[in-house]
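As provided, coords_20.cif (mmCIF, C-alpha atoms) reads as follows.
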data_model
loop_
_atom_site.label_atom_id
_atom_site.label_comp_id
_atom_site.auth_asym_id
_atom_site.auth_seq_id
_atom_site.Cartn_x
_atom_site.Cartn_y
_atom_site.Cartn_z
CA MET W 1 -45.25 -156.92 93.21
CA THR W 2 -45.06 -158.35 96.72
CA PRO W 3 -43.47 -156.21 99.46
CA PRO W 4 -40.04 -157.24 100.77
CA ASN W 5 -39.86 -159.48 103.82
CA LEU W 6 -38.82 -158.18 107.23
CA ILE W 7 -35.68 -159.33 109.02
CA LEU W 8 -34.93 -158.75 112.70
CA GLY W 9 -31.69 -156.84 113.20
CA THR W 10 -29.63 -157.53 116.30
CA GLY W 11 -27.27 -154.57 116.48
CA GLY W 12 -28.80 -153.81 119.88
CA PHE W 13 -28.64 -157.33 121.27
CA ALA W 14 -26.73 -157.61 124.54
CA SER W 15 -27.15 -153.84 125.01
CA SER W 16 -30.77 -152.69 124.69
CA TRP W 17 -31.89 -156.35 124.53
CA SER W 18 -31.06 -158.62 127.47
CA THR W 19 -31.25 -162.40 127.41
CA GLU W 20 -34.53 -162.18 129.32
CA SER W 21 -36.20 -159.74 126.93
CA ALA W 22 -34.80 -161.40 123.79
CA SER W 23 -36.06 -164.80 124.93
CA GLN W 24 -39.61 -163.57 124.17
CA LEU W 25 -38.79 -163.05 120.51
CA PRO W 26 -39.13 -166.55 119.03
CA ASP W 27 -42.79 -166.72 120.04
CA LEU W 28 -43.44 -163.09 119.03
CA LEU W 29 -41.74 -163.11 115.64
CA LYS W 30 -43.28 -166.20 114.09
CA PRO W 31 -46.89 -164.90 114.11
CA MET W 32 -45.52 -161.70 112.55
CA GLY W 33 -44.08 -163.68 109.65
CA ILE W 34 -40.51 -162.81 110.60
CA ASN W 35 -38.31 -165.89 110.41
CA ARG W 36 -34.91 -164.44 109.60
CA ILE W 37 -32.34 -162.83 111.90
CA ASP W 38 -29.46 -160.52 110.94
CA THR W 39 -26.40 -160.31 113.16
CA ALA W 40 -22.63 -159.78 112.93
CA ALA W 41 -19.41 -160.75 114.63
CA ILE W 42 -19.00 -157.17 115.85
CA TYR W 43 -22.53 -156.70 117.26
CA PRO W 44 -23.09 -154.80 119.43
CA VAL W 45 -20.25 -152.41 118.67
CA THR W 46 -19.90 -151.71 122.40
CA ALA W 47 -19.32 -155.42 123.14
CA PRO W 48 -18.44 -157.25 119.90
CA GLY W 49 -19.53 -160.88 119.75
CA GLU W 50 -22.14 -160.72 122.49
CA ALA W 51 -25.10 -160.52 120.08
CA GLU W 52 -24.15 -163.84 118.47
CA LYS W 53 -23.70 -165.41 121.90
CA LEU W 54 -27.14 -164.21 122.98
CA LEU W 55 -28.71 -165.67 119.83
CA GLY W 56 -26.94 -168.93 120.55
CA ALA W 57 -28.06 -168.96 124.17
CA ILE W 58 -31.69 -168.66 123.06
CA ASN W 59 -31.14 -171.24 120.30
CA PHE W 60 -32.74 -169.22 117.51
CA VAL W 61 -31.57 -171.75 114.91
CA ASP W 62 -33.24 -174.60 116.78
CA HIS W 63 -36.42 -172.49 116.89
CA GLY W 64 -36.47 -172.59 113.09
CA PHE W 65 -35.06 -169.14 112.31
CA LYS W 66 -32.62 -168.48 109.49
CA VAL W 67 -29.62 -166.59 110.84
CA ASP W 68 -27.37 -164.36 108.74
CA THR W 69 -24.07 -163.10 110.12
CA LYS W 70 -21.08 -161.06 109.03
CA ILE W 71 -17.33 -161.57 109.19
CA ALA W 72 -15.48 -159.61 111.86
CA TYR W 73 -14.65 -156.10 110.68
CA GLY W 74 -12.72 -153.23 112.17
CA GLY W 75 -10.81 -150.09 111.35
CA ASP W 76 -10.63 -149.50 107.61
CA GLY W 77 -11.19 -153.19 106.94
CA SER W 78 -7.61 -153.94 105.92
CA GLY W 79 -6.81 -157.63 106.35
CA THR W 80 -10.31 -158.61 107.49
CA LEU W 81 -10.96 -160.79 104.44
CA THR W 82 -7.73 -162.80 104.30
CA GLU W 83 -8.12 -166.58 104.42
CA ALA W 84 -6.95 -166.72 108.05
CA ALA W 85 -9.18 -163.86 109.19
CA VAL W 86 -12.24 -165.30 107.46
CA GLN W 87 -11.72 -168.76 108.90
CA LYS W 88 -11.18 -167.44 112.42
CA SER W 89 -14.29 -165.27 112.28
CA VAL W 90 -16.52 -167.99 110.84
CA GLU W 91 -15.40 -170.55 113.41
CA GLN W 92 -16.10 -168.13 116.27
CA SER W 93 -19.50 -167.10 114.88
CA LEU W 94 -20.70 -170.67 114.42
CA ALA W 95 -19.58 -171.57 117.95
CA SER W 96 -21.36 -168.54 119.42
CA LEU W 97 -24.53 -169.14 117.42
CA LYS W 98 -24.46 -172.86 118.27
CA THR W 99 -24.99 -173.92 114.69
CA LYS W 100 -23.10 -175.80 111.99
CA ALA W 101 -23.92 -173.28 109.26
CA VAL W 102 -25.57 -169.91 108.68
CA ASN W 103 -28.01 -168.79 106.01
CA VAL W 104 -26.09 -165.80 104.62
CA LEU W 105 -22.44 -165.13 105.41
CA TYR W 106 -21.61 -161.51 104.64
CA CYS W 107 -18.38 -159.65 104.18
CA HIS W 108 -19.25 -156.78 106.54
CA GLY W 109 -17.29 -154.22 104.58
CA PRO W 110 -14.58 -153.88 101.95
CA ASP W 111 -11.00 -154.98 102.59
CA LYS W 112 -9.08 -152.71 100.23
CA LYS W 113 -5.71 -154.22 101.15
CA THR W 114 -6.34 -157.89 100.36
CA PRO W 115 -6.77 -158.65 96.62
CA ILE W 116 -10.37 -159.50 95.80
CA SER W 117 -9.16 -162.72 94.17
CA GLU W 118 -7.87 -163.84 97.59
CA GLN W 119 -11.06 -162.73 99.32
CA ALA W 120 -13.20 -164.68 96.85
CA ALA W 121 -11.04 -167.78 97.31
CA ALA W 122 -11.25 -167.50 101.11
CA LEU W 123 -15.04 -167.29 101.10
CA HIS W 124 -15.35 -170.11 98.58
CA ALA W 125 -13.28 -172.35 100.86
CA GLN W 126 -15.81 -171.80 103.66
CA TYR W 127 -18.68 -172.44 101.23
CA GLU W 128 -17.12 -175.73 100.17
CA LYS W 129 -17.15 -176.79 103.82
CA GLY W 130 -20.91 -176.21 103.91
CA LEU W 131 -20.67 -173.44 106.50
CA PHE W 132 -23.12 -171.08 104.79
CA THR W 133 -25.85 -171.26 102.16
CA HIS W 134 -25.61 -167.83 100.51
CA LEU W 135 -22.69 -165.42 100.14
CA GLY W 136 -23.39 -161.78 100.82
CA VAL W 137 -21.48 -158.51 100.76
CA CYS W 138 -22.19 -155.29 102.64
CA ASN W 139 -21.27 -151.76 101.73
CA PHE W 140 -19.17 -152.71 98.67
CA SER W 141 -18.91 -150.31 95.76
CA PRO W 142 -20.50 -151.49 92.50
CA SER W 143 -17.03 -151.78 90.94
CA MET W 144 -15.79 -154.04 93.74
CA LEU W 145 -18.87 -156.23 93.44
CA SER W 146 -18.41 -156.44 89.66
CA GLU W 147 -14.79 -157.50 90.09
CA TRP W 148 -15.79 -160.19 92.60
CA LEU W 149 -18.47 -161.52 90.25
CA ALA W 150 -16.01 -161.69 87.36
CA ILE W 151 -13.44 -163.57 89.43
CA ALA W 152 -16.06 -165.97 90.76
CA SER W 153 -17.24 -166.71 87.22
CA GLU W 154 -13.71 -167.32 86.02
CA LYS W 155 -12.67 -169.51 88.95
CA GLY W 156 -15.96 -171.29 89.57
CA TYR W 157 -16.31 -169.78 93.05
CA VAL W 158 -19.56 -169.16 94.87
CA LYS W 159 -20.94 -165.78 93.80
CA PRO W 160 -22.43 -163.10 96.03
CA SER W 161 -26.21 -163.49 95.86
CA VAL W 162 -27.16 -160.95 98.55
CA PHE W 163 -26.12 -157.32 98.99
CA GLN W 164 -26.79 -155.47 102.24
CA GLY W 165 -26.69 -151.70 102.35
CA GLN W 166 -28.25 -148.64 103.92
CA TYR W 167 -31.55 -147.72 102.31
CA ASN W 168 -34.33 -145.38 103.37
CA ALA W 169 -36.33 -142.38 102.20
CA LEU W 170 -33.29 -140.12 102.67
CA CYS W 171 -30.75 -142.60 101.31
CA ARG W 172 -31.69 -143.85 97.83
CA THR W 173 -28.40 -143.49 95.95
CA TYR W 174 -28.24 -147.24 95.33
CA GLU W 175 -31.33 -147.03 93.11
CA LYS W 176 -29.13 -145.49 90.41
CA THR W 177 -25.65 -146.77 91.24
CA LEU W 178 -26.27 -150.36 92.33
CA PHE W 179 -29.76 -151.75 91.73
CA PRO W 180 -29.29 -152.20 87.94
CA LEU W 181 -26.19 -154.34 88.60
CA LEU W 182 -27.99 -156.40 91.23
CA ARG W 183 -30.97 -157.06 88.98
CA GLU W 184 -28.69 -158.02 86.09
CA HIS W 185 -27.05 -160.71 88.21
CA GLY W 186 -30.07 -161.85 90.22
CA ILE W 187 -28.67 -160.50 93.49
CA SER W 188 -31.17 -159.64 96.22
CA PHE W 189 -30.91 -156.46 98.30
CA VAL W 190 -31.30 -156.30 102.07
CA GLY W 191 -31.78 -152.75 103.32
CA PHE W 192 -30.77 -151.62 106.79
CA SER W 193 -31.58 -148.40 108.67
CA PRO W 194 -35.07 -147.84 107.22
CA LEU W 195 -35.40 -145.03 109.78
CA ALA W 196 -31.94 -143.59 109.05
CA GLY W 197 -30.73 -144.64 112.47
CA GLY W 198 -33.73 -142.90 114.03
CA PHE W 199 -33.24 -139.62 112.18
CA LEU W 200 -36.55 -140.09 110.37
CA THR W 201 -38.38 -140.10 113.70
CA GLY W 202 -37.53 -136.41 113.98
CA LYS W 203 -35.83 -136.81 117.36
CA LEU W 204 -32.64 -135.05 116.32
CA THR W 205 -34.36 -132.38 114.24
CA TYR W 206 -36.75 -131.37 117.02
CA SER W 207 -34.48 -131.96 120.02
CA GLN W 208 -33.90 -129.02 122.35
CA GLY W 209 -30.51 -130.24 123.51
CA ASP W 210 -28.36 -133.24 124.36
CA ASP W 211 -30.68 -134.31 127.20
CA ASP W 212 -33.44 -135.02 124.67
CA LEU W 213 -31.16 -137.48 122.90
CA LYS W 214 -30.13 -139.67 125.82
CA GLY W 215 -30.70 -143.32 125.02
CA THR W 216 -31.07 -142.66 121.28
CA ARG W 217 -28.70 -143.42 118.41
CA PHE W 218 -27.76 -139.73 118.39
CA GLU W 219 -26.75 -139.46 122.04
CA VAL W 220 -23.49 -137.53 122.36
CA THR W 221 -21.01 -139.82 124.14
CA ASP W 222 -17.40 -140.74 123.43
CA GLY W 223 -18.23 -144.41 122.87
CA ASN W 224 -21.21 -143.87 120.60
CA TYR W 225 -19.39 -144.59 117.33
CA MET W 226 -22.53 -145.43 115.38
CA GLY W 227 -24.10 -142.21 116.59
CA MET W 228 -21.16 -140.23 115.27
CA GLY W 229 -21.52 -141.97 111.93
CA PHE W 230 -25.21 -141.22 111.64
CA ARG W 231 -24.64 -137.59 112.64
CA HIS W 232 -22.01 -137.32 109.91
CA TRP W 233 -24.49 -138.65 107.36
CA TYR W 234 -27.72 -136.96 108.41
CA ASP W 235 -27.04 -133.96 110.68
CA LYS W 236 -27.17 -131.48 107.80
CA PRO W 237 -29.44 -128.50 107.06
CA SER W 238 -30.96 -130.16 103.99
CA MET W 239 -31.77 -133.32 105.94
CA HIS W 240 -33.41 -131.41 108.80
CA LYS W 241 -35.42 -129.37 106.30
CA ALA W 242 -36.55 -132.62 104.68
CA VAL W 243 -37.72 -134.05 108.01
CA ARG W 244 -39.67 -130.88 108.80
CA LYS W 245 -41.37 -130.99 105.41
CA LEU W 246 -42.23 -134.67 105.84
CA SER W 247 -43.43 -134.10 109.39
CA SER W 248 -45.79 -131.33 108.28
CA ALA W 249 -47.25 -133.52 105.53
CA CYS W 250 -47.63 -136.49 107.87
CA GLU W 251 -49.47 -134.40 110.46
CA GLU W 252 -52.17 -133.67 107.89
CA HIS W 253 -52.76 -137.41 107.58
CA GLY W 254 -52.52 -138.19 111.29
CA ILE W 255 -49.43 -140.37 111.08
CA SER W 256 -45.85 -140.05 112.31
CA THR W 257 -42.76 -139.67 110.17
CA GLN W 258 -41.59 -143.02 111.57
CA ASN W 259 -44.77 -144.65 110.31
CA ALA W 260 -44.41 -143.06 106.89
CA ALA W 261 -40.74 -144.00 106.55
CA LEU W 262 -41.38 -147.66 107.36
CA ARG W 263 -44.36 -147.90 105.05
CA TRP W 264 -42.46 -146.20 102.24
CA VAL W 265 -39.51 -148.62 102.30
CA VAL W 266 -41.79 -151.66 102.38
CA HIS W 267 -44.59 -150.56 100.04
CA HIS W 268 -43.17 -147.88 97.73
CA SER W 269 -39.43 -148.42 97.35
CA GLY W 270 -37.56 -150.43 94.75
CA LEU W 271 -37.59 -153.60 96.88
CA THR W 272 -39.76 -156.66 96.25
CA SER W 273 -40.05 -160.21 97.54
CA GLU W 274 -39.88 -161.45 93.94
CA ASN W 275 -36.26 -160.29 93.87
CA GLY W 276 -35.58 -161.82 97.27
CA ASP W 277 -35.26 -158.36 98.82
CA ALA W 278 -35.80 -157.67 102.51
CA VAL W 279 -35.75 -154.86 105.07
CA ILE W 280 -33.98 -155.09 108.43
CA ILE W 281 -35.80 -153.58 111.39
CA GLY W 282 -33.87 -153.06 114.61
CA PRO W 283 -36.29 -152.37 117.47
CA SER W 284 -34.89 -151.69 120.93
CA ASN W 285 -37.67 -153.50 122.77
CA VAL W 286 -40.83 -155.55 122.33
CA GLU W 287 -43.17 -152.55 122.17
CA GLN W 288 -41.08 -150.94 119.44
CA LEU W 289 -41.11 -154.19 117.49
CA LYS W 290 -44.91 -154.27 117.64
CA LYS W 291 -45.16 -150.64 116.51
CA TYR W 292 -42.89 -151.28 113.55
CA LYS W 293 -44.93 -154.28 112.45
CA GLU W 294 -48.22 -152.43 112.94
CA ALA W 295 -46.98 -149.60 110.74
CA VAL W 296 -45.94 -151.94 107.95
CA ASP W 297 -49.26 -153.79 108.15
CA GLN W 298 -51.14 -150.53 107.49
CA GLY W 299 -50.10 -150.90 103.87
CA ALA W 300 -49.49 -148.29 101.21
CA LEU W 301 -49.31 -144.59 101.99
CA PRO W 302 -51.64 -141.94 100.54
CA ALA W 303 -50.37 -140.93 97.09
CA VAL W 304 -49.78 -137.35 98.22
CA LEU W 305 -47.33 -138.54 100.89
CA VAL W 306 -45.48 -140.69 98.39
CA ASP W 307 -45.07 -137.57 96.25
CA VAL W 308 -43.76 -135.66 99.26
CA LEU W 309 -41.24 -138.41 99.99
CA ASP W 310 -40.06 -138.39 96.38
CA GLY W 311 -39.64 -134.63 96.56
CA VAL W 312 -37.78 -134.92 99.84
CA TRP W 313 -35.33 -137.32 98.25
CA GLU W 314 -34.68 -134.95 95.36
CA SER W 315 -33.87 -132.21 97.85
CA VAL W 316 -31.24 -134.26 99.75
CA GLU W 317 -29.84 -136.45 96.96
CA ASN W 318 -26.53 -134.59 96.71
CA ASP W 319 -25.96 -134.52 100.47
CA ALA W 320 -26.85 -138.22 100.72
CA SER W 321 -24.25 -139.37 98.22
CA ASN W 322 -21.56 -139.94 100.87
CA ILE W 323 -23.76 -142.23 102.98
CA VAL W 324 -23.06 -145.31 100.87
CA VAL W 325 -19.33 -144.70 100.32
CA TYR W 326 -16.91 -146.91 102.27
#
For this file, produce the structure as structure tokens.
Amino acid sequence: MTPPNLILGTGGFASSWSTESASQLPDLLKPMGINRIDTAAIYPVTAPGEAEKLLGAINFVDHGFKVDTKIAYGGDGSGTLTEAAVQKSVEQSLASLKTKAVNVLYCHGPDKKTPISEQAAALHAQYEKGLFTHLGVCNFSPSMLSEWLAIASEKGYVKPSVFQGQYNALCRTYEKTLFPLLREHGISFVGFSPLAGGFLTGKLTYSQGDDDLKGTRFEVTDGNYMGMGFRHWYDKPSMHKAVRKLSSACEEHGISTQNAALRWVVHHSGLTSENGDAVIIGPSNVEQLKKYKEAVDQGALPAVLVDVLDGVWESVENDASNIVVY
């Protein structure tokens, strides 16, 4: 089996990445074998839409990169996948990205108010216009995805062929609840947060106070909505115990927990290139990008560490079950 491809995530574009720093990326990414970009209408969450504009300003599409984006999403998602909302979001994204079409167009999250039949029709209308190549969904429950697939089959609509969801050594629920459905229908999986939002670096577990967390995903500020989400998911005794156990095992092999987490998701998880799977990495700067790629290029982990990671997952499986529920 061939490891999954890497995709550059842009949740930090226009915040940690400026136009000047991001302009280096086209020349850096290609030698790394990274030719696909993941963005969204609401990136970054502190200034929605600016990430797409930055990508457009640098002309990533003209540089030969495939760009995936997501429909605007907010609140509990109600009304975000109506025909009007979808059309408005797609038009704005294409204008910002300076392109006529995107590679994957995702529904960023479930719209539990709008009937799925209407959502499927709205996305098919955009597909018929040639505005995207592949339809994707993010964070949907298996039952919602199954309903969409059934409707698409009945109506002759474009079917979701990509699923994006959170996946890492501490978040593997999808292996049981979703992966069998994806494989049955030939749907690829794109995993985000391979480092659990930075939790797998150990920064939160070993921090001595809020000052240690400034500038990280877990910084305590009123506007740090993503940080609050990741704290809700991972700031638990079982998760901290898991990181300490992994850290101790990694020290014996002279590697960091970050290194181990990245290598696990690429070389030991349930993802493969044969299935069209991929992993999104979201570095905050050029040096971090290089470190991520260097870690992945080191290849498979020692078998004893893989066993530790499997044991760690067993210890947090119950507490991790709410991470993939929207």
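Atom CA of W:Asn285 is found 9.3 Å from atom CA of W:Gly12.
The nearest approach to W:Gln126 among the residues W:Ala249, W:Leu182, W:Leu301, W:Ala84, with all atoms listed in the file taken into account, belongs to W:Ala84.
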To one decimal in Å, tell me the separation between atom CA of W:Ser16 and atom CA of W:Pro4.
26.1 Å
I would like the residues chosen by the PyMOL selection byres ((chain W and resi 173) around 9) on the shown file; could you give them as a ChimeraX atom specification?
/W:167,170-172,174-178,317,320-321,323-324
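For the choices W:Asp297, W:Glu287, W:Asp38, W:Asp27, the atom-to-atom distance to W:His108 is smallest for W:Asp38 when using only C-alpha atoms.
Minimum distance to W:Met228 across W:Gly282, W:Tyr292, W:Gly197, W:Lys113 (counting all atoms listed in the file) occurs at W:Gly197.
Atom pair atom CA of W:Glu50 / atom CA of W:Gly79: separated by 22.5 Å.
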Place a sphere of radius 7 Å on (-45.8, -154.9, 101.9) in the file coordinates and name every protein, DNA or RNA residue with an atom inside or on its surface, counting all atoms listed in the file; give the answer as a CSV table (one decimal) with C-alpha atoms, in the frame of the given file.
chain,number,residue,atom,x,y,z
W,2,THR,CA,-45.1,-158.4,96.7
W,3,PRO,CA,-43.5,-156.2,99.5
W,4,PRO,CA,-40.0,-157.2,100.8
W,266,VAL,CA,-41.8,-151.7,102.4
W,267,HIS,CA,-44.6,-150.6,100.0
W,296,VAL,CA,-45.9,-151.9,108.0
W,299,GLY,CA,-50.1,-150.9,103.9
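Matched in the shown structure by the PyMOL selection byres ((chain W and resi 142-146) around 8): Ile116, Phe140, Ser141, Glu147, Trp148, Leu149, Ala150, Thr177, Leu178 and Leu181 of chain W.
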Neighbouring residues of stretch 60-62 of chain W were defined as those with any atom within 10 Å, considering only C-alpha atoms; residues of the same chain fewer than 2 positions away were excluded. Please report them as JSON, numbers by chain.
{"W": [23, 25, 26, 35, 36, 37, 54, 55, 56, 57, 58, 64, 65, 66, 67, 97, 98, 99, 100, 101, 102]}
